[in-house]
Amino acid sequence: MIGLATKERGDKRLFILILTAIMLLALTVRLAFFNGPFGSDEIVYLERSLDVAHGDWSSANYNGALRYGYNIPSGFIIYLFGLNLFTANLWPLLCSLAEVAAVFVFAWTYMGRKSAVFSALFLAFTPLHVAVSTRLHADPVVSLFLTLSFIVFYQAERKADKSLYFWAGILLGCVFWVKELLALAFFAFLLYPLFIRKLKSDWLYLVLGGLVMLLAHFALMQAIAGDPLHAFKVVLGQIKHSFIGSHQGEDTPLYYFKYLFFDIKHTWLAPLFALLVAVLFRKHIFDKDNDALKYTVFWLLSLLLVLSFFPVSLSPLRFAMKQSNYITLFLAPIALLAGAAVSRMPTKIAYLLCMATVSGGFALSALEQQDYQLFTANSRGLLAFADKHPGQTIYGSLNNGRIACFYKVFNGVRCSDSTIHEFAEMPPAQSTTDTLPVFTVIDRQNLGWGSHDVKIDKAPACWQEIDTVTPASIGNSHYILDLILAAKAIMPASLADKIQAMQTPKPAKIYTANAADLWCGRTTTTNQP
């Protein structure tokens, strides 16, 4: 008995030691390649988080502003620790780390020590998982809640525990609170009876937990908007108008399969290792000894099937909307399958594959940051130019305007007070008698980004070039980029050229123009001058 107790204490210490080391590695790589604002929905998330921090519970008519599974915890963190870029991003960062820990604990408990180490490392160094952890977006948050719902459901199955089924339902409800569109994941659980070929009345507790969160959401919407179905109406209205009515967005059923198994710059080797499960365990995958592995296969395949092939409209036929950032929803089961596959290989080969995955993931994470920071470098650099010309109106690309808007909100000023505006906000030709000079910027790094960006490829004749934007700093990724480029002599020329182009952003030229004649005598505001 004494020997058994000693062994258990030793296993617990080893568990804590390994988990701590992996978490420190995961945190280090995420802080090293910190991303920050991009100029998209993080403005909405920041505004609503600040509203929560200040006790403002006003209504909204945009789905991002109604995602209180993100906005409430983020606002609470800002309320406790104040506002800076780190605290604004702390909620998604914590969720990213927590998902790595959840994968480690699940694999350690049900798949073995080696599988746990490999799985957690694979997830911690997956480029997209690293990249989204330091963006003010809900992707790491919704991925964590979805991962926990599958893990807790499996534990409920193993222990026949009604309370665990209930908590799995609560976690699924949290998925809805964070991103309402991904409530589709609930249908993955509806495939489970087909997978195990039986029905259990205890599963009703899963539904009960989900209903509790749904009713809580109704109560919040009633208090905020006076309509319990407000969020549903907003989301369905946006889907009907843009995704279905205007055919915006991607819905190709093979979208995720392409990114996971062919275009692997976001996911690196883990999805390919996960495919090894089909080879290594093809005869034993349904044995009782591989119950956790079998469940993880179900986890991944059910999500892929539902999020790839679920029809949201029959006329016209449109499948569930897809985005590259939604790939994070599949990364936990992929890491678990990959870890299980590699752990069954000879020790030296397993370590080599792990090193290749971690080192390659680290390098690709750097390139993810480089690409991200490169895209916004001119927009962030334009802020310094604006500071040197206070009160002067500046017109530029959509990203120029949105980055400026983010930092206005970040500094406690209304977005409408920004002096940097989008080209789409330029007044029509000869609509004003204001003769004051204004600045215009043609930023070729991000010009034409977004469906609403007015793309001006060539400066009109009456614009006078006066300066070039000094790009803002890129971040730590440029050190890794320099190391990669040191080996460009052995790279294919096309790859070397692409990486070389990532060193500096395309130039952003600054012009001066007359406010009364911004379009140089033209009577239209078409994109081509």
# chains A, B, ... in the order shown; residues from 1 in each chain; ligands from 1
$ closest_atom_pairs --of "stretch 148-169 of chain A" --to "stretch 95-108 of chain A" --cutoff "10 Å" --atoms "only C-alpha atoms" --output "Markdown table"
| residue | atom | partner | partner_atom | distance |
| --- | --- | --- | --- | --- |
| A:Leu148 | CA | A:Ala102 | CA | 7.2 |
| A:Ile151 | CA | A:Phe106 | CA | 7.1 |
| A:Val152 | CA | A:Phe106 | CA | 9.5 |
| A:Tyr154 | CA | A:Phe106 | CA | 9.6 |
| A:Gln155 | CA | A:Phe106 | CA | 9.3 |
$ closest_atom_pairs --of "stretch 95-130 of chain A" --to "stretch 334-351 of chain A" --cutoff "10 Å" --atoms "only C-alpha atoms" --output "CSV"
residue,atom,partner,partner_atom,distance
A:Val100,CA,A:Ala335,CA,9.5
A:Val103,CA,A:Leu336,CA,7.0
A:Phe104,CA,A:Leu336,CA,8.6
A:Phe106,CA,A:Leu336,CA,8.8
A:Ala107,CA,A:Leu336,CA,6.9
A:Met111,CA,A:Ala340,CA,7.2
A:Gly112,CA,A:Ala340,CA,8.6
A:Arg113,CA,A:Ser343,CA,9.0
A:Lys114,CA,A:Ser343,CA,5.7
A:Ser115,CA,A:Gly339,CA,4.8
A:Ala116,CA,A:Gly339,CA,6.9
A:Val117,CA,A:Gly339,CA,7.6
A:Phe118,CA,A:Gly339,CA,4.7
A:Ser119,CA,A:Gly339,CA,4.2
A:Ala120,CA,A:Ala335,CA,7.1
A:Leu121,CA,A:Ala335,CA,8.4
A:Phe122,CA,A:Ala335,CA,5.7
A:Leu123,CA,A:Ala335,CA,5.5
A:Ala124,CA,A:Ala335,CA,9.2
A:Thr126,CA,A:Ala335,CA,8.8
$ write_last_selection --atoms "N, CA and C atoms" --output "short mmCIF file (atom, residue, chain, number, x, y, z; two decimals), in the first residue's frame"
data_model
loop_
_atom_site.label_atom_id
_atom_site.label_comp_id
_atom_site.auth_asym_id
_atom_site.auth_seq_id
_atom_site.Cartn_x
_atom_site.Cartn_y
_atom_site.Cartn_z
N VAL A 100 -5.16 23.74 -24.50
CA VAL A 100 -3.97 22.90 -24.50
C VAL A 100 -3.95 22.03 -23.25
N VAL A 103 -6.60 19.18 -23.43
CA VAL A 103 -6.15 18.08 -24.29
C VAL A 103 -5.13 17.21 -23.55
N PHE A 104 -4.21 17.84 -22.83
CA PHE A 104 -3.21 17.10 -22.08
C PHE A 104 -3.87 16.22 -21.02
N PHE A 106 -7.00 15.13 -20.82
CA PHE A 106 -7.81 14.08 -21.43
C PHE A 106 -6.93 12.93 -21.91
N ALA A 107 -5.86 13.27 -22.63
CA ALA A 107 -4.99 12.22 -23.16
C ALA A 107 -4.25 11.49 -22.04
N MET A 111 -5.53 8.05 -22.65
CA MET A 111 -4.73 7.55 -23.77
C MET A 111 -3.29 7.20 -23.40
N GLY A 112 -2.82 7.69 -22.27
CA GLY A 112 -1.46 7.38 -21.87
C GLY A 112 -0.56 8.60 -21.84
N ARG A 113 0.53 8.46 -21.13
CA ARG A 113 1.45 9.58 -20.89
C ARG A 113 2.07 10.12 -22.16
N LYS A 114 2.58 9.25 -23.01
CA LYS A 114 3.24 9.71 -24.24
C LYS A 114 2.25 10.41 -25.16
N SER A 115 1.07 9.84 -25.28
CA SER A 115 0.05 10.48 -26.11
C SER A 115 -0.28 11.87 -25.59
N ALA A 116 -0.32 12.02 -24.26
CA ALA A 116 -0.64 13.31 -23.67
C ALA A 116 0.41 14.36 -24.00
N VAL A 117 1.67 13.98 -23.89
CA VAL A 117 2.75 14.92 -24.17
C VAL A 117 2.74 15.34 -25.63
N PHE A 118 2.67 14.36 -26.52
CA PHE A 118 2.67 14.68 -27.95
C PHE A 118 1.44 15.49 -28.34
N SER A 119 0.28 15.09 -27.88
CA SER A 119 -0.95 15.79 -28.25
C SER A 119 -0.92 17.25 -27.81
N ALA A 120 -0.52 17.49 -26.56
CA ALA A 120 -0.49 18.86 -26.05
C ALA A 120 0.54 19.71 -26.79
N LEU A 121 1.70 19.12 -27.09
CA LEU A 121 2.72 19.87 -27.84
C LEU A 121 2.24 20.18 -29.25
N PHE A 122 1.59 19.20 -29.88
CA PHE A 122 1.10 19.44 -31.24
C PHE A 122 0.10 20.59 -31.26
N LEU A 123 -0.82 20.61 -30.29
CA LEU A 123 -1.80 21.69 -30.25
C LEU A 123 -1.15 23.02 -29.89
N ALA A 124 -0.24 22.99 -28.94
CA ALA A 124 0.42 24.23 -28.49
C ALA A 124 1.20 24.91 -29.60
N THR A 126 0.54 24.40 -33.03
CA THR A 126 -0.17 24.52 -34.30
C THR A 126 -0.24 26.00 -34.68
#
$ residues_around --residues "A:Gln392" --least-positions-apart "4" --cutoff "8 Å" --atoms "only C-alpha atoms" --output "PyMOL selection string"
chain A and resi 386+419+438-439
$ residues_around --residues "stretch 189-194 of chain A" --least-positions-apart "6" --cutoff "12 Å" --atoms "only C-alpha atoms" --output "count of residues only"
30
$ residues_around --residues "stretch 35-44 of chain A" --least-positions-apart "4" --cutoff "8 Å" --atoms "only C-alpha atoms" --output "PyMOL selection string"
chain A and resi 48+64-65+85+89+131+134-137+369+372-373+376+399+402-403+405-406+409
$ closest_residue --among "A:Thr470, A:Ser324, A:Ser315, A:Ser163" --to "A:Arg380" --atoms "only C-alpha atoms"
A:Thr470
$ residues_around --residues "A:Gly381" --least-positions-apart "5" --cutoff "8 Å" --atoms "only C-alpha atoms" --output "ChimeraX atom specification"
/A:469-472
$ write_last_selection --atoms "N, CA, C and O atoms" --output "PDB file, in the first residue's frame"
ATOM      1  N   VAL A 469       4.412  56.602 -45.888  1.00  0.00           N
ATOM      2  CA  VAL A 469       4.191  56.163 -44.509  1.00  0.00           C
ATOM      3  C   VAL A 469       5.378  55.321 -44.040  1.00  0.00           C
ATOM      4  O   VAL A 469       5.844  54.435 -44.758  1.00  0.00           O
ATOM      5  N   THR A 470       5.844  55.622 -42.844  1.00  0.00           N
ATOM      6  CA  THR A 470       6.873  54.786 -42.223  1.00  0.00           C
ATOM      7  C   THR A 470       6.170  53.625 -41.521  1.00  0.00           C
ATOM      8  O   THR A 470       5.433  53.840 -40.558  1.00  0.00           O
ATOM      9  N   PRO A 471       6.359  52.379 -41.992  1.00  0.00           N
ATOM     10  CA  PRO A 471       5.626  51.256 -41.396  1.00  0.00           C
ATOM     11  C   PRO A 471       5.960  51.091 -39.923  1.00  0.00           C
ATOM     12  O   PRO A 471       7.073  51.368 -39.476  1.00  0.00           O
ATOM     13  N   ALA A 472       4.972  50.639 -39.165  1.00  0.00           N
ATOM     14  CA  ALA A 472       5.203  50.329 -37.754  1.00  0.00           C
ATOM     15  C   ALA A 472       6.006  49.034 -37.641  1.00  0.00           C
ATOM     16  O   ALA A 472       6.153  48.283 -38.608  1.00  0.00           O
TER      17      ALA A 472
END
$ atom_distance --atom1 "atom CA of A:Glu465" --atom2 "atom CA of A:Leu383"
18.2 Å
$ closest_residue --among "A:Gly209, A:Pro73, A:Gly391, A:Gly237" --to "A:Thr87" --atoms "only C-alpha atoms"
A:Pro73
$ residues_around --residues "A:Gln370" --least-positions-apart "2" --cutoff "8 Å" --atoms "only C-alpha atoms" --output "ChimeraX atom specification"
/A:366-368,372-374,474-475,477-478,502
$ write_last_selection --atoms "all heavy atoms" --output "mmCIF file, in the first residue's frame"
data_model
loop_
_atom_site.group_PDB
_atom_site.id
_atom_site.type_symbol
_atom_site.label_atom_id
_atom_site.label_comp_id
_atom_site.auth_asym_id
_atom_site.auth_seq_id
_atom_site.Cartn_x
_atom_site.Cartn_y
_atom_site.Cartn_z
ATOM 1 N N ALA A 366 5.629 32.050 -36.603
ATOM 2 C CA ALA A 366 6.322 33.317 -36.860
ATOM 3 C C ALA A 366 5.854 33.922 -38.180
ATOM 4 O O ALA A 366 5.624 35.133 -38.280
ATOM 5 C CB ALA A 366 7.833 33.088 -36.877
ATOM 6 N N LEU A 367 5.713 33.083 -39.211
ATOM 7 C CA LEU A 367 5.257 33.592 -40.499
ATOM 8 C C LEU A 367 3.812 34.082 -40.426
ATOM 9 O O LEU A 367 3.440 35.039 -41.117
ATOM 10 C CB LEU A 367 5.398 32.507 -41.569
ATOM 11 C CG LEU A 367 6.831 32.077 -41.911
ATOM 12 C CD1 LEU A 367 6.821 31.031 -43.019
ATOM 13 C CD2 LEU A 367 7.686 33.272 -42.310
ATOM 14 N N GLU A 368 2.992 33.413 -39.601
ATOM 15 C CA GLU A 368 1.619 33.893 -39.392
ATOM 16 C C GLU A 368 1.638 35.302 -38.811
ATOM 17 O O GLU A 368 0.903 36.184 -39.261
ATOM 18 C CB GLU A 368 0.872 32.947 -38.439
ATOM 19 C CG GLU A 368 0.488 31.612 -39.044
ATOM 20 C CD GLU A 368 -0.935 31.583 -39.557
ATOM 21 O OE1 GLU A 368 -1.583 32.645 -39.600
ATOM 22 O OE2 GLU A 368 -1.393 30.495 -39.932
ATOM 23 N N TYR A 372 0.448 38.809 -40.627
ATOM 24 C CA TYR A 372 -0.562 39.597 -39.915
ATOM 25 C C TYR A 372 -0.063 41.018 -39.662
ATOM 26 O O TYR A 372 -0.752 42.005 -39.951
ATOM 27 C CB TYR A 372 -0.854 38.885 -38.598
ATOM 28 C CG TYR A 372 -2.017 39.385 -37.790
ATOM 29 C CD1 TYR A 372 -3.255 38.755 -37.863
ATOM 30 C CD2 TYR A 372 -1.884 40.451 -36.915
ATOM 31 C CE1 TYR A 372 -4.334 39.177 -37.087
ATOM 32 C CE2 TYR A 372 -2.947 40.887 -36.138
ATOM 33 C CZ TYR A 372 -4.163 40.245 -36.228
ATOM 34 O OH TYR A 372 -5.214 40.670 -35.460
ATOM 35 N N GLN A 373 1.152 41.118 -39.128
ATOM 36 C CA GLN A 373 1.713 42.429 -38.803
ATOM 37 C C GLN A 373 2.070 43.220 -40.055
ATOM 38 O O GLN A 373 1.956 44.453 -40.084
ATOM 39 C CB GLN A 373 2.953 42.263 -37.932
ATOM 40 C CG GLN A 373 2.687 41.636 -36.575
ATOM 41 C CD GLN A 373 1.933 42.576 -35.665
ATOM 42 O OE1 GLN A 373 2.315 43.719 -35.469
ATOM 43 N NE2 GLN A 373 0.837 42.094 -35.097
ATOM 44 N N LEU A 374 2.502 42.505 -41.089
ATOM 45 C CA LEU A 374 2.833 43.167 -42.352
ATOM 46 C C LEU A 374 1.601 43.840 -42.941
ATOM 47 O O LEU A 374 1.671 44.958 -43.458
ATOM 48 C CB LEU A 374 3.383 42.128 -43.332
ATOM 49 C CG LEU A 374 4.185 42.635 -44.533
ATOM 50 C CD1 LEU A 374 5.544 43.148 -44.081
ATOM 51 C CD2 LEU A 374 4.361 41.508 -45.550
ATOM 52 N N ILE A 474 7.236 45.284 -36.976
ATOM 53 C CA ILE A 474 6.595 44.027 -37.363
ATOM 54 C C ILE A 474 6.416 43.108 -36.163
ATOM 55 O O ILE A 474 5.416 42.428 -36.022
ATOM 56 C CB ILE A 474 7.429 43.317 -38.449
ATOM 57 C CG1 ILE A 474 7.479 44.167 -39.715
ATOM 58 C CG2 ILE A 474 6.865 41.935 -38.747
ATOM 59 C CD1 ILE A 474 6.135 44.406 -40.350
ATOM 60 N N GLY A 475 7.386 43.067 -35.254
ATOM 61 C CA GLY A 475 7.317 42.133 -34.139
ATOM 62 C C GLY A 475 8.505 41.196 -34.153
ATOM 63 O O GLY A 475 9.449 41.355 -34.934
ATOM 64 N N SER A 477 8.706 38.227 -35.194
ATOM 65 C CA SER A 477 8.723 37.256 -36.284
ATOM 66 C C SER A 477 9.815 37.525 -37.308
ATOM 67 O O SER A 477 10.263 36.601 -37.994
ATOM 68 C CB SER A 477 7.366 37.239 -36.987
ATOM 69 O OG SER A 477 7.003 38.538 -37.407
ATOM 70 N N HIS A 478 10.273 38.770 -37.401
ATOM 71 C CA HIS A 478 11.269 39.069 -38.428
ATOM 72 C C HIS A 478 12.590 38.381 -38.144
ATOM 73 O O HIS A 478 13.368 38.103 -39.075
ATOM 74 C CB HIS A 478 11.456 40.580 -38.584
ATOM 75 C CG HIS A 478 12.188 41.239 -37.459
ATOM 76 N ND1 HIS A 478 13.560 41.404 -37.466
ATOM 77 C CD2 HIS A 478 11.749 41.751 -36.284
ATOM 78 C CE1 HIS A 478 13.925 42.012 -36.348
ATOM 79 N NE2 HIS A 478 12.848 42.233 -35.622
ATOM 80 N N MET A 502 7.772 39.008 -47.726
ATOM 81 C CA MET A 502 7.193 39.204 -46.400
ATOM 82 C C MET A 502 8.069 40.058 -45.493
ATOM 83 O O MET A 502 7.701 40.344 -44.359
ATOM 84 C CB MET A 502 6.938 37.851 -45.724
ATOM 85 C CG MET A 502 5.904 36.990 -46.422
ATOM 86 S SD MET A 502 5.662 35.403 -45.601
ATOM 87 C CE MET A 502 4.864 35.946 -44.073
#
$ closest_residue --among "A:Ala496, A:Leu364, A:Leu199, A:Ile239" --to "A:Arg318" --atoms "only C-alpha atoms"
A:Ile239
$ closest_residue --among "A:Leu307, A:Ile480, A:Leu31, A:Ile22" --to "A:Phe330" --atoms "only C-alpha atoms"
A:Leu307
$ atom_distance --atom1 "atom CA of A:Leu128" --atom2 "atom CA of A:Thr28"
15.4 Å
$ closest_residue --among "A:Lys233, A:Arg30, A:Arg444, A:Lys258" --to "A:Ala459" --atoms "only C-alpha atoms"
A:Arg444
$ closest_residue --among "A:Gln323, A:Thr504, A:Gln222, A:Ser133" --to "A:Leu27" --atoms "only C-alpha atoms"
A:Ser133
$ select_by_dssp --residues "stretch 210-405 of chain A" --states "helix (DSSP H, G or I)" --output "NGL selection string"
:A and (210-225 or 230-245 or 255-261 or 270-280 or 288-309 or 324-343 or 347-388 or 398-405)
$ select_by_dssp --residues "stretch 199-367 of chain A" --states "strand (DSSP E)" --output "MDAnalysis selection string"
chainID A and resid 311:314 317:319
$ atom_distance --atom1 "atom CA of A:Leu144" --atom2 "atom CA of A:Phe176"
12.4 Å
